[in-house]
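> Quick one, upload_19.tsv (TSV, C-alpha atoms):
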chain	number	residue	atom	x	y	z
A	1	MET	CA	215.05	-20.00	3.35
A	2	ASP	CA	212.53	-17.66	4.88
A	3	ALA	CA	210.22	-20.54	5.57
A	4	VAL	CA	212.99	-22.42	7.35
A	5	PHE	CA	213.86	-19.38	9.48
A	6	ALA	CA	210.20	-18.84	10.37
A	7	ALA	CA	209.88	-22.46	11.37
A	8	LEU	CA	213.00	-22.25	13.52
A	9	THR	CA	211.79	-19.09	15.18
A	10	THR	CA	208.41	-20.59	15.92
A	11	ASN	CA	209.98	-23.74	17.30
A	12	VAL	CA	212.38	-21.77	19.52
A	13	TRP	CA	209.66	-19.62	21.06
A	14	ALA	CA	207.35	-22.59	21.47
A	15	LEU	CA	210.08	-24.62	23.12
A	16	ALA	CA	210.99	-21.66	25.34
A	17	GLY	CA	207.37	-21.23	26.41
A	18	ALA	CA	207.03	-24.90	27.26
A	19	LEU	CA	210.25	-24.94	29.23
A	20	VAL	CA	209.25	-21.78	31.11
A	21	VAL	CA	206.00	-23.43	32.18
A	22	VAL	CA	207.92	-26.49	33.35
A	23	ALA	CA	210.41	-24.24	35.16
A	24	LEU	CA	207.62	-22.39	36.94
A	25	ILE	CA	206.05	-25.64	38.08
A	26	GLY	CA	209.43	-26.94	39.26
A	27	ALA	CA	210.16	-23.66	41.09
A	28	LEU	CA	206.75	-23.83	42.77
A	29	VAL	CA	207.41	-27.37	43.98
A	30	VAL	CA	210.91	-26.52	45.22
A	31	THR	CA	209.78	-23.39	47.08
A	32	ALA	CA	206.90	-25.28	48.68
A	33	LEU	CA	209.18	-28.06	49.94
A	34	VAL	CA	211.88	-25.70	51.19
A	35	THR	CA	209.33	-23.42	52.85
A	36	ARG	CA	207.73	-26.34	54.67
A	37	VAL	CA	211.06	-27.72	55.90
A	38	PHE	CA	212.34	-24.29	56.87
A	39	GLY	CA	209.10	-23.44	58.69
A	40	TRP	CA	209.23	-26.69	60.66
A	41	THR	CA	212.84	-25.97	61.65
A	42	ALA	CA	211.96	-22.40	62.63
A	43	ARG	CA	209.17	-23.56	64.93
A	44	ARG	CA	211.43	-26.14	66.51
A	45	LYS	CA	214.27	-23.68	67.03
A	46	GLN	CA	211.83	-20.92	68.05
A	47	TRP	CA	213.19	-18.48	65.53
A	48	ASP	CA	211.57	-15.09	65.14
A	49	GLU	CA	208.55	-15.32	62.87
A	50	GLY	CA	209.22	-11.91	61.36
A	51	ASP	CA	212.70	-12.89	60.18
A	52	VAL	CA	211.42	-16.17	58.75
A	53	ARG	CA	208.60	-14.44	56.90
A	54	ALA	CA	210.96	-11.77	55.53
A	55	MET	CA	213.10	-14.46	53.83
A	56	ARG	CA	210.26	-16.15	51.95
A	57	TRP	CA	209.74	-13.67	49.13
A	58	PRO	CA	213.45	-13.17	48.26
A	59	PHE	CA	213.91	-16.96	48.17
A	60	ARG	CA	210.83	-17.54	46.02
A	61	MET	CA	211.78	-14.81	43.59
A	62	LEU	CA	215.32	-16.15	43.29
A	63	VAL	CA	214.13	-19.70	42.58
A	64	PHE	CA	211.58	-18.58	39.99
A	65	VAL	CA	214.00	-16.24	38.18
A	66	ALA	CA	216.81	-18.81	38.19
A	67	PHE	CA	214.56	-21.61	36.88
A	68	VAL	CA	213.13	-19.42	34.11
A	69	TRP	CA	216.60	-18.28	33.09
A	70	ILE	CA	217.84	-21.87	32.91
A	71	ALA	CA	214.78	-22.83	30.83
A	72	LEU	CA	215.42	-20.01	28.37
A	73	GLU	CA	219.08	-20.97	28.07
A	74	ILE	CA	218.14	-24.56	27.29
A	75	ALA	CA	215.61	-23.45	24.68
A	76	GLN	CA	218.03	-21.31	22.70
A	77	LEU	CA	219.66	-22.54	19.49
A	78	PRO	CA	223.36	-22.07	18.59
A	79	GLY	CA	224.70	-18.53	18.59
A	80	THR	CA	223.94	-17.61	14.95
A	81	VAL	CA	220.28	-18.57	15.07
A	82	ARG	CA	220.03	-17.35	18.69
A	83	THR	CA	220.79	-13.79	17.66
A	84	GLU	CA	218.47	-13.92	14.75
A	85	VAL	CA	215.48	-15.02	16.76
A	86	GLY	CA	216.02	-12.28	19.37
A	87	MET	CA	216.75	-14.37	22.43
A	88	GLY	CA	219.95	-12.58	23.43
A	89	TRP	CA	218.30	-9.62	25.17
A	90	VAL	CA	216.00	-11.99	27.08
A	91	SER	CA	218.96	-13.95	28.38
A	92	HIS	CA	220.73	-10.74	29.41
A	93	LEU	CA	217.61	-9.48	31.18
A	94	MET	CA	217.29	-12.71	33.14
A	95	LEU	CA	220.96	-12.52	34.12
A	96	VAL	CA	220.52	-8.99	35.50
A	97	ALA	CA	217.35	-10.03	37.34
A	98	THR	CA	219.10	-13.06	38.84
A	99	ILE	CA	221.97	-10.94	40.14
A	100	GLY	CA	219.60	-8.40	41.68
A	101	VAL	CA	217.34	-10.96	43.35
A	102	ALA	CA	220.36	-12.93	44.58
A	103	ALA	CA	221.73	-9.78	46.22
A	104	TRP	CA	218.36	-9.20	47.87
A	105	PHE	CA	218.27	-12.77	49.15
A	106	LEU	CA	221.84	-12.60	50.47
A	107	CYS	CA	221.02	-9.41	52.40
A	108	ARG	CA	218.02	-11.09	54.01
A	109	VAL	CA	220.09	-14.16	54.86
A	110	LEU	CA	222.71	-11.94	56.48
A	111	VAL	CA	220.06	-10.16	58.55
A	112	PHE	CA	218.51	-13.49	59.56
A	113	VAL	CA	221.82	-15.03	60.63
A	114	VAL	CA	222.78	-11.94	62.63
A	115	ASP	CA	219.42	-11.85	64.42
A	116	ILE	CA	219.64	-15.55	65.27
A	117	SER	CA	223.15	-15.04	66.63
A	118	LEU	CA	222.16	-12.02	68.71
A	119	ASN	CA	219.43	-13.97	70.46
A	120	ARG	CA	222.17	-15.55	72.54
A	121	TYR	CA	223.17	-12.13	73.92
A	122	ARG	CA	220.23	-10.74	75.85
A	123	THR	CA	220.15	-7.13	77.03
A	124	ASP	CA	217.25	-7.50	79.47
A	125	VAL	CA	219.40	-9.09	82.17
A	126	ARG	CA	221.27	-7.41	85.01
A	127	ASP	CA	224.84	-7.67	83.71
A	128	ASN	CA	224.45	-6.97	80.00
A	129	ARG	CA	227.57	-4.95	79.24
A	130	VAL	CA	229.18	-7.68	77.10
A	131	ALA	CA	225.91	-8.37	75.29
A	132	ARG	CA	225.45	-4.70	74.42
A	133	ARG	CA	229.03	-4.42	73.15
A	134	ILE	CA	228.69	-7.48	70.93
A	135	ARG	CA	225.30	-6.37	69.68
A	136	THR	CA	226.65	-2.96	68.69
A	137	GLN	CA	229.63	-4.37	66.83
A	138	VAL	CA	227.63	-7.06	65.05
A	139	LEU	CA	224.99	-4.60	63.89
A	140	ILE	CA	227.66	-2.34	62.43
A	141	LEU	CA	229.27	-5.31	60.66
A	142	ARG	CA	225.86	-6.32	59.32
A	143	ARG	CA	225.38	-2.90	57.79
A	144	LEU	CA	228.84	-3.04	56.27
A	145	GLY	CA	228.06	-6.47	54.83
A	146	ILE	CA	224.81	-5.23	53.27
A	147	VAL	CA	226.62	-2.26	51.74
A	148	ALA	CA	229.29	-4.57	50.34
A	149	ILE	CA	226.69	-6.93	48.84
A	150	VAL	CA	224.86	-4.05	47.17
A	151	ILE	CA	228.09	-2.61	45.74
A	152	VAL	CA	229.25	-5.98	44.40
A	153	ALA	CA	225.82	-6.68	42.87
A	154	ALA	CA	225.72	-3.26	41.19
A	155	GLY	CA	229.23	-3.79	39.83
A	156	ALA	CA	228.33	-7.25	38.53
A	157	ILE	CA	225.25	-5.88	36.77
A	158	LEU	CA	227.26	-3.11	35.15
A	159	LEU	CA	229.89	-5.57	33.96
A	160	THR	CA	227.25	-7.53	32.02
A	161	PHE	CA	227.04	-4.60	29.56
A	162	PRO	CA	229.91	-4.53	27.01
A	163	GLY	CA	230.16	-0.74	27.14
A	164	ALA	CA	230.52	-0.74	30.90
A	165	GLN	CA	233.54	-3.08	30.69
A	166	ALA	CA	235.45	-0.63	28.50
A	167	ALA	CA	234.42	2.26	30.75
A	168	GLY	CA	235.60	0.30	33.77
A	169	ALA	CA	239.12	-0.03	32.40
A	170	SER	CA	239.41	3.73	31.86
A	171	LEU	CA	237.86	4.37	35.27
A	172	LEU	CA	240.45	2.21	36.98
A	173	ALA	CA	243.21	4.09	35.15
A	174	SER	CA	242.02	7.37	36.67
A	175	ALA	CA	241.07	5.92	40.04
A	176	GLY	CA	243.74	7.90	41.88
A	177	LEU	CA	242.44	11.27	40.72
A	178	VAL	CA	238.81	10.26	41.22
A	179	SER	CA	239.49	9.05	44.78
A	180	VAL	CA	241.14	12.35	45.70
A	181	ILE	CA	238.24	14.38	44.29
A	182	ALA	CA	235.67	12.12	45.93
A	183	GLY	CA	237.50	12.31	49.24
A	184	LEU	CA	237.50	16.10	49.21
A	185	ALA	CA	233.86	16.30	48.13
A	186	ALA	CA	232.62	13.76	50.69
A	187	GLN	CA	234.90	14.68	53.57
A	188	SER	CA	232.04	15.18	56.04
A	189	ALA	CA	230.25	11.98	55.03
A	190	LEU	CA	233.43	9.93	55.19
A	191	ALA	CA	234.23	11.41	58.62
A	192	ASN	CA	230.88	10.19	59.90
A	193	VAL	CA	231.44	6.74	58.40
A	194	PHE	CA	234.81	6.34	60.08
A	195	ALA	CA	233.42	7.78	63.31
A	196	GLY	CA	230.61	5.20	63.21
A	197	MET	CA	233.12	2.37	62.83
A	198	GLN	CA	235.21	3.83	65.65
A	199	LEU	CA	232.17	3.94	67.94
A	200	ALA	CA	231.32	0.34	67.12
A	201	PHE	CA	234.71	-1.08	68.03
A	202	SER	CA	235.96	1.35	70.66
A	203	GLY	CA	233.10	0.70	73.08
A	204	ALA	CA	232.51	4.39	73.83
A	205	ILE	CA	228.78	3.84	73.37
A	206	ARG	CA	226.72	0.73	72.84
A	207	VAL	CA	223.15	-0.01	71.96
A	208	ASP	CA	220.91	0.48	75.03
A	209	ASP	CA	223.49	2.64	76.83
A	210	VAL	CA	222.08	5.41	79.03
A	211	VAL	CA	223.59	8.75	78.01
A	212	ILE	CA	223.22	12.47	78.65
A	213	VAL	CA	223.54	14.42	75.38
A	214	GLU	CA	222.63	18.06	74.84
A	215	LYS	CA	221.31	18.13	78.44
A	216	GLU	CA	218.83	15.35	77.58
A	217	TRP	CA	218.53	11.90	79.19
A	218	GLY	CA	218.02	8.93	76.89
A	219	ARG	CA	219.14	5.54	75.62
A	220	ILE	CA	221.15	4.66	72.53
A	221	GLU	CA	218.55	3.12	70.24
A	222	GLU	CA	220.49	2.70	67.01
A	223	ILE	CA	224.07	3.14	65.81
A	224	THR	CA	224.62	3.39	62.07
A	225	LEU	CA	227.65	4.21	59.97
A	226	THR	CA	226.76	7.91	59.80
A	227	TYR	CA	224.44	8.77	62.71
A	228	VAL	CA	223.27	7.69	66.16
A	229	VAL	CA	219.65	7.66	67.32
A	230	VAL	CA	219.04	8.48	71.00
A	231	HIS	CA	215.65	7.50	72.45
A	232	LEU	CA	214.87	10.26	74.95
A	233	TRP	CA	212.92	9.72	78.16
A	234	ASP	CA	209.72	11.26	76.73
A	235	ASP	CA	209.76	9.06	73.59
A	236	ARG	CA	211.39	11.68	71.40
A	237	ARG	CA	214.26	10.67	69.14
A	238	MET	CA	217.42	12.74	68.90
A	239	VAL	CA	219.47	12.00	65.80
A	240	LEU	CA	223.11	12.98	66.12
A	241	PRO	CA	225.98	12.52	63.63
A	242	SER	CA	228.56	9.91	64.55
A	243	THR	CA	231.23	12.59	64.81
A	244	TYR	CA	229.32	14.14	67.74
A	245	PHE	CA	230.31	11.25	70.02
A	246	THR	CA	233.96	11.42	68.95
A	247	THR	CA	234.38	15.19	69.30
A	248	THR	CA	231.92	16.32	72.01
A	249	PRO	CA	231.96	15.36	75.71
A	250	PHE	CA	228.90	13.40	76.86
A	251	GLN	CA	227.87	11.30	79.86
A	252	ASN	CA	227.58	7.53	79.62
A	253	TRP	CA	225.87	6.14	82.71
A	254	THR	CA	226.35	2.49	81.72
A	255	ARG	CA	229.93	2.50	80.45
A	256	ARG	CA	231.13	-0.21	82.85
A	257	ASN	CA	227.96	-1.24	84.65
A	258	SER	CA	224.39	-0.06	85.00
A	259	GLU	CA	224.28	0.42	88.80
A	260	LEU	CA	223.88	4.01	89.92
A	261	LEU	CA	223.67	6.10	93.11
A	262	GLY	CA	221.06	8.78	93.72
A	263	ALA	CA	220.32	11.34	96.43
A	264	VAL	CA	217.09	12.46	98.09
A	265	GLU	CA	217.40	15.73	100.05
A	266	PHE	CA	215.14	17.35	102.66
A	267	ASP	CA	215.30	20.80	104.28
A	268	LEU	CA	213.79	20.20	107.74
A	269	ASP	CA	213.32	21.93	111.07
A	270	TRP	CA	216.03	21.87	113.74
A	271	ARG	CA	213.82	19.64	115.90
A	272	VAL	CA	214.19	16.71	113.47
A	273	THR	CA	215.58	13.46	114.89
A	274	PRO	CA	218.02	11.98	112.32
A	275	GLY	CA	218.11	8.61	114.12
A	276	GLU	CA	214.37	8.03	113.84
A	277	MET	CA	214.38	9.21	110.25
A	278	ARG	CA	217.23	6.79	109.47
A	279	ASP	CA	215.25	3.89	110.90
A	280	GLU	CA	212.27	4.84	108.77
A	281	MET	CA	214.50	5.02	105.70
A	282	HIS	CA	215.71	1.45	106.24
A	283	ARG	CA	212.15	0.26	106.75
A	284	VAL	CA	211.07	1.88	103.47
A	285	LEU	CA	213.99	0.43	101.52
A	286	ASP	CA	213.45	-3.07	102.89
A	287	SER	CA	209.85	-2.99	101.72
A	288	THR	CA	210.61	-2.41	98.02
A	289	ASP	CA	212.34	-4.39	95.26
A	290	LEU	CA	213.63	-1.22	93.62
A	291	TRP	CA	216.58	-1.06	96.02
A	292	ASP	CA	219.54	-3.31	95.14
A	293	LYS	CA	220.74	-3.43	98.78
A	294	ARG	CA	224.12	-1.86	98.01
A	295	THR	CA	223.94	1.63	99.51
A	296	ALA	CA	221.60	3.23	102.07
A	297	VAL	CA	222.99	6.28	103.91
A	298	LEU	CA	221.28	9.14	105.74
A	299	GLN	CA	223.45	12.13	106.70
A	300	VAL	CA	222.93	15.68	107.86
A	301	THR	CA	224.96	17.57	105.27
A	302	ASP	CA	224.16	21.15	106.28
A	303	ALA	CA	222.57	23.15	109.09
A	304	THR	CA	222.41	26.82	108.11
A	305	GLY	CA	219.77	29.38	107.21
A	306	GLY	CA	217.27	28.09	109.76
A	307	TYR	CA	217.05	24.59	108.25
A	308	VAL	CA	218.73	21.23	108.66
A	309	ARG	CA	219.55	19.56	105.33
A	310	VAL	CA	219.20	15.78	105.38
A	311	ARG	CA	220.55	13.79	102.42
A	312	ILE	CA	219.62	10.17	101.74
A	313	LEU	CA	221.88	8.24	99.37
A	314	VAL	CA	220.46	5.07	97.78
A	315	SER	CA	221.46	2.76	94.93
A	316	ALA	CA	219.55	0.88	92.24
A	317	LEU	CA	220.09	-1.49	89.35
A	318	ASP	CA	219.82	1.09	86.58
A	319	ALA	CA	218.78	4.67	85.90
A	320	PRO	CA	214.99	4.16	85.48
A	321	THR	CA	214.84	2.01	88.61
A	322	LEU	CA	216.86	4.60	90.53
A	323	PHE	CA	214.45	7.36	89.53
A	324	ASP	CA	211.47	5.33	90.72
A	325	LEU	CA	213.27	4.46	93.96
A	326	ARG	CA	214.07	8.10	94.74
A	327	CYS	CA	210.45	9.11	94.15
A	328	TYR	CA	209.23	6.25	96.34
A	329	VAL	CA	211.58	7.11	99.24
A	330	ARG	CA	210.65	10.77	99.02
A	331	GLU	CA	206.91	10.07	99.12
A	332	GLU	CA	207.16	7.64	102.03
A	333	LEU	CA	209.32	9.93	104.14
A	334	VAL	CA	207.08	12.93	103.49
A	335	ALA	CA	204.12	10.88	104.73
A	336	TRP	CA	206.15	9.78	107.77
A	337	LEU	CA	207.04	13.38	108.62
A	338	HIS	CA	203.36	14.37	108.63
A	339	LYS	CA	202.22	11.37	110.69
A	340	ARG	CA	205.04	10.59	113.09
A	341	SER	CA	207.31	13.63	113.22
A	342	PRO	CA	205.31	16.81	112.52
A	343	GLN	CA	207.78	18.87	114.54
A	344	SER	CA	210.35	18.19	111.83
A	345	ILE	CA	208.40	19.98	109.13
A	346	PRO	CA	210.23	23.23	108.28
A	347	ARG	CA	208.83	26.41	109.81
A	348	GLU	CA	209.51	30.12	109.56
A	349	ARG	CA	210.16	31.69	113.01
A	350	VAL	CA	209.68	35.40	113.73
A	351	GLN	CA	210.48	36.95	117.15
A	352	MET	CA	208.36	39.98	118.09
A	353	VAL	CA	210.30	42.60	120.13
A	354	GLU	CA	208.66	45.66	121.74
A	355	ALA	CA	210.21	49.05	121.07
A	356	GLU	CA	212.23	50.51	124.01
A	357	PRO	CA	211.02	53.91	125.44
A	358	ASN	CA	213.16	56.99	124.70
A	359	ARG	CA	214.91	57.97	127.94
A	360	ARG	CA	215.82	61.53	126.83
A	361	SER	CA	213.01	64.06	127.43
A	362	ARG	CA	212.09	66.14	124.43
A	363	PRO	CA	210.42	69.57	124.46
A	364	LYS	CA	206.82	69.81	123.57
A	365	THR	CA	205.84	70.70	120.08
A	366	GLY	CA	205.93	74.45	119.47
A	367	SER	CA	208.24	75.29	122.44
A	368	VAL	CA	211.92	76.17	122.12
A	369	SER	CA	214.42	75.39	124.88
A	370	MET	CA	217.72	77.21	124.49
A	371	HIS	CA	220.77	77.37	126.69
A	372	ALA	CA	221.57	80.74	128.27
A	373	ASP	CA	224.83	81.09	126.39
A	374	ASP	CA	223.06	80.27	123.11
A	375	ARG	CA	220.77	83.30	123.47
A	376	ASN	CA	223.73	85.70	123.00
A	377	VAL	CA	224.77	84.04	119.72
A	378	PHE	CA	222.19	85.97	117.77
A	379	ALA	CA	222.05	89.04	120.07
A	380	GLY	CA	224.03	92.20	119.48
A	381	GLY	CA	226.23	91.97	122.57
A	382	ASP	CA	230.01	92.30	122.94
A	383	ALA	CA	230.52	88.53	122.60
A	384	ALA	CA	228.57	88.53	119.36
A	385	GLU	CA	230.63	91.35	117.94
A	386	GLN	CA	233.83	89.57	118.94
A	387	ARG	CA	232.71	86.41	117.13
A	388	ALA	CA	231.73	88.42	114.10
A	389	SER	CA	235.16	90.10	113.96
A	390	GLN	CA	236.84	86.65	114.01
A	391	PHE	CA	234.70	85.37	111.11
A	392	THR	CA	236.47	85.36	107.78
A	393	GLY	CA	233.94	84.84	105.03
A	394	PRO	CA	233.94	85.31	101.29
A	395	ILE	CA	235.60	88.35	99.73
A	396	ASP	CA	232.35	89.91	98.55
A	397	VAL	CA	230.85	90.24	102.09
A	398	LEU	CA	230.50	93.61	103.94
A	399	THR	CA	233.61	95.25	105.39
A	400	PRO	CA	233.82	96.19	109.12
A	401	GLU	CA	233.19	99.86	108.29
A	402	GLU	CA	230.04	98.97	106.35
A	403	ILE	CA	228.85	96.80	109.21
A	404	ALA	CA	229.41	99.65	111.75
A	405	GLU	CA	227.57	102.09	109.49
A	406	ALA	CA	224.63	99.70	109.17
A	407	ARG	CA	224.44	99.26	112.92
A	408	ALA	CA	224.46	103.05	113.44
A	409	LYS	CA	221.57	103.40	111.05
A	410	GLY	CA	219.76	100.70	112.90
A	411	ARG	CA	220.08	102.47	116.25
A	412	ASP	CA	218.79	105.67	114.73
Translate this file's structure into structure tokens.


Amino acid sequence: MDAVFAALTTNVWALAGALVVVALIGALVVTALVTRVFGWTARRKQWDEGDVRAMRWPFRMLVFVAFVWIALEIAQLPGTVRTEVGMGWVSHLMLVATIGVAAWFLCRVLVFVVDISLNRYRTDVRDNRVARRIRTQVLILRRLGIVAIVIVAAGAILLTFPGAQAAGASLLASAGLVSVIAGLAAQSALANVFAGMQLAFSGAIRVDDVVIVEKEWGRIEEITLTYVVVHLWDDRRMVLPSTYFTTTPFQNWTRRNSELLGAVEFDLDWRVTPGEMRDEMHRVLDSTDLWDKRTAVLQVTDATGGYVRVRILVSALDAPTLFDLRCYVREELVAWLHKRSPQSIPRERVQMVEAEPNRRSRPKTGSVSMHADDRNVFAGGDAAEQRASQFTGPIDVLTPEEIAEARAKGRD
């Protein structure tokens, strides 16, 4: 009996090895043919080479694993001998590997199909609002699809284990309690997930939108289920949670369209000629492609504080173009002011006024001029005594008798 079992075991493993070699050769032939056909189609359709190359390894791995698994299944004997020779764990391992590689391949296929579909909606054109909205929504759906594929694959792998099936039944029985606990524990994360879905389908922000967040200017680079990446003007990245855009006010400069207005202001001298400056403005705008020919206005908005404020209002296709246009207009008009209208350059004016002579004659230094009546104020005459008798001072001053006695002593 032992000899028979040993012979069966040897035959099973030998047959399995032979079939695995055949399966590998067949998988190699199939992958080569499919790769050649798919590459020829990709070149004809002008698909992105990166997406095509990213699908090769998942497809090859799936074909090899599937062919080897089928070969091992064919090589196995009926169930009693199959368990004895130890082929059960190999079959289970190949099943788990096939599920995992298939999930990987499906994720890559989903990414490839989405990228091919989005090529129809270009964002580098003038009116790209619809394209940006569709791109944002499709990218969010792609992420949801990848998450769903991963969850389903993980569940399928767990269900291949007998113990996990029994645990799954008890888990479903307590799903209500578990969902409540999980919801309370992951309240912040779930809020960001729902906020990300709301942003994708509400149209509040879209990929490539120009926004002002936290006093910073930038573009929406990426929208995920939990956070948003803003590409700032100086190549920094600001990562904000999805709930920020549903709870905090922000500016979206491309909500309906990308055209914008911008102002260029000058503080000039009162001798400026607005008409000549307006003609120069039109000449400058006509000489550049940055201006979209919608708005070109020059107005004197203020004339106080010794200056005349001139404001130029121009329009451009989008925010970066508008910034370049404003800088260009400012530089050209500054050069024009220096060359053609130097009197318009702002100046500080100071008027020098001579001091007026003092018409009232003053006594010379060291001399005292006193009116005749003022001399008797401090003299001991009758008028002085009369004024002294009318003076009512503090209580602790000398009495009239003491004053008379002091004067008598003074005469003596």

> Determine the nearest neighbour of A:Leu139 from the options A:Val21, A:Ala97, A:Val114, A:Val314, counting all atoms listed in the file.

A:Val114

> For a quick check of understanding, using only C-alpha atoms, which of A:Val207, A:Val96, A:Leu106, A:Val138 has the smallest distance to A:Leu158?

A:Val96

> Just the residues within 12 Å of A:Ile116, please, counting all atoms listed in the file, with nothing from its chain fewer than 6 positions along; format it as JSON, numbers by chain.

{"A": [42, 45, 46, 47, 48, 49, 50, 51, 52, 109, 110, 122, 135, 138]}

> Return the single residue from A:Leu93, A:Leu199, A:Leu225, A:Leu24 that is closest to A:Ile146, with distances computed using all atoms listed in the file.

A:Leu225

> To one decimal in Å, tell me the separation between atom CA of A:Trp233 and atom CA of A:Val264.

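Computing it gives 20.5 Å between the two atoms.
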